[in-house]
Amino acid sequence: MIQSISSILPGIQRNVQQVEGIANRLSQPAAVPASENLTPSAPESVSDKLVAAGEPGLEEDMVSLLLAKRFIQMQAGIIRTEDEMLAELVNLGRRKASET
């Protein structure tokens with residue numbers, strides 16, 4: 001059981017790093033070239049230019065954040081269940097030792 005917990009931790013660390021990377025990317029101002037003439041009447045042109053430049057959009061970042069969050073929650077649930085199982089095994093061992 002402890003080996004399975006240690007095998008889960010790298011996945012959690014990867015997802016935490018992914019969340020941090022996305023959060024850093026979201027906190028940065030959009031990098032639209034100054035030479036582009038953007039009018040206030042066309043807000044979609046900013047996101048279109050970012051997508052064309054290879055930048056992930058807000059939608060992709062939010063989906064990635066939600067997926068990473070769910071993965072971390074799932075892995076935490078597995079660790080919690082394994083911890084409960086280990087605690088129950090210890091209790092069973094104690095009960096058996098006290099019976100003899």
# chains A, B, ... in the order shown; residues from 1 in each chain; ligands from 1
$ residues_around --residues "Leu65 of chain A" --least-positions-apart "6" --cutoff "8 Å" --atoms "only C-alpha atoms" --output "number ranges by chain"
A: 18-19, 22
$ write_last_selection --atoms "C-alpha atoms" --output "mmCIF file, in the first residue's frame"
data_model
loop_
_atom_site.group_PDB
_atom_site.id
_atom_site.type_symbol
_atom_site.label_atom_id
_atom_site.label_comp_id
_atom_site.auth_asym_id
_atom_site.auth_seq_id
_atom_site.Cartn_x
_atom_site.Cartn_y
_atom_site.Cartn_z
ATOM 1 C CA GLN A 18 0.435 22.311 -14.242
ATOM 2 C CA VAL A 19 -1.975 24.369 -12.131
ATOM 3 C CA ILE A 22 -1.645 27.875 -15.933
#
$ residues_around --residues "segment 61-63 of chain A" --least-positions-apart "5" --cutoff "10 Å" --atoms "only C-alpha atoms" --output "ChimeraX atom specification"
/A:19,21-23,25-26,56,68-69
$ residues_around --residues "segment 2-12 of chain A" --least-positions-apart "2" --cutoff "6 Å" --atoms "only C-alpha atoms" --output "MDAnalysis selection string"
chainID A and resid 14:15 72
$ write_last_selection --atoms "N, CA and C atoms" --output "PDB file, in the first residue's frame"
ATOM      1  N   ARG A  14       2.938  16.621 -10.617  1.00  0.00           N
ATOM      2  CA  ARG A  14       2.815  17.100 -11.998  1.00  0.00           C
ATOM      3  C   ARG A  14       1.589  17.987 -12.160  1.00  0.00           C
ATOM      4  N   ASN A  15       0.473  17.593 -11.566  1.00  0.00           N
ATOM      5  CA  ASN A  15      -0.751  18.380 -11.703  1.00  0.00           C
ATOM      6  C   ASN A  15      -0.665  19.692 -10.940  1.00  0.00           C
ATOM      7  N   ILE A  72      -6.272  15.801  -8.900  1.00  0.00           N
ATOM      8  CA  ILE A  72      -5.694  15.906  -7.558  1.00  0.00           C
ATOM      9  C   ILE A  72      -6.697  15.418  -6.519  1.00  0.00           C
TER      10      ILE A  72
END
$ atom_distance --atom1 "atom CA of Met85 of chain A" --atom2 "atom CA of Gln17 of chain A"
29.0 Å
$ atom_distance --atom1 "atom CA of Asp83 of chain A" --atom2 "atom CA of Ala97 of chain A"
21.1 Å
$ decode --residues "segment 55-79 of chain A" --atoms "C-alpha atoms" --output "compact mmCIF listing (two decimals), in the first residue's frame"
# COMPACT_ATOMS: atom_id res chain seq x y z
CA GLU A 55 -1.41 30.89 -27.20
CA PRO A 56 -3.96 28.73 -25.40
CA GLY A 57 -7.23 30.51 -24.81
CA LEU A 58 -8.94 31.16 -21.53
CA GLU A 59 -11.32 28.27 -22.23
CA GLU A 60 -8.48 25.78 -22.65
CA ASP A 61 -6.75 27.07 -19.52
CA MET A 62 -9.92 26.80 -17.44
CA VAL A 63 -10.61 23.27 -18.68
CA SER A 64 -7.02 22.31 -17.87
CA LEU A 65 -7.37 23.79 -14.39
CA LEU A 66 -10.59 21.89 -13.74
CA LEU A 67 -9.10 18.61 -15.01
CA ALA A 68 -6.00 19.05 -12.85
CA LYS A 69 -8.18 19.86 -9.83
CA ARG A 70 -10.30 16.75 -10.35
CA PHE A 71 -7.21 14.59 -10.79
CA ILE A 72 -5.69 15.91 -7.56
CA GLN A 73 -8.99 15.31 -5.73
CA MET A 74 -9.15 11.77 -7.11
CA GLN A 75 -5.59 10.99 -6.05
CA ALA A 76 -6.21 12.49 -2.60
CA GLY A 77 -9.26 10.23 -2.26
CA ILE A 78 -7.12 7.19 -3.09
CA ILE A 79 -4.55 8.19 -0.48
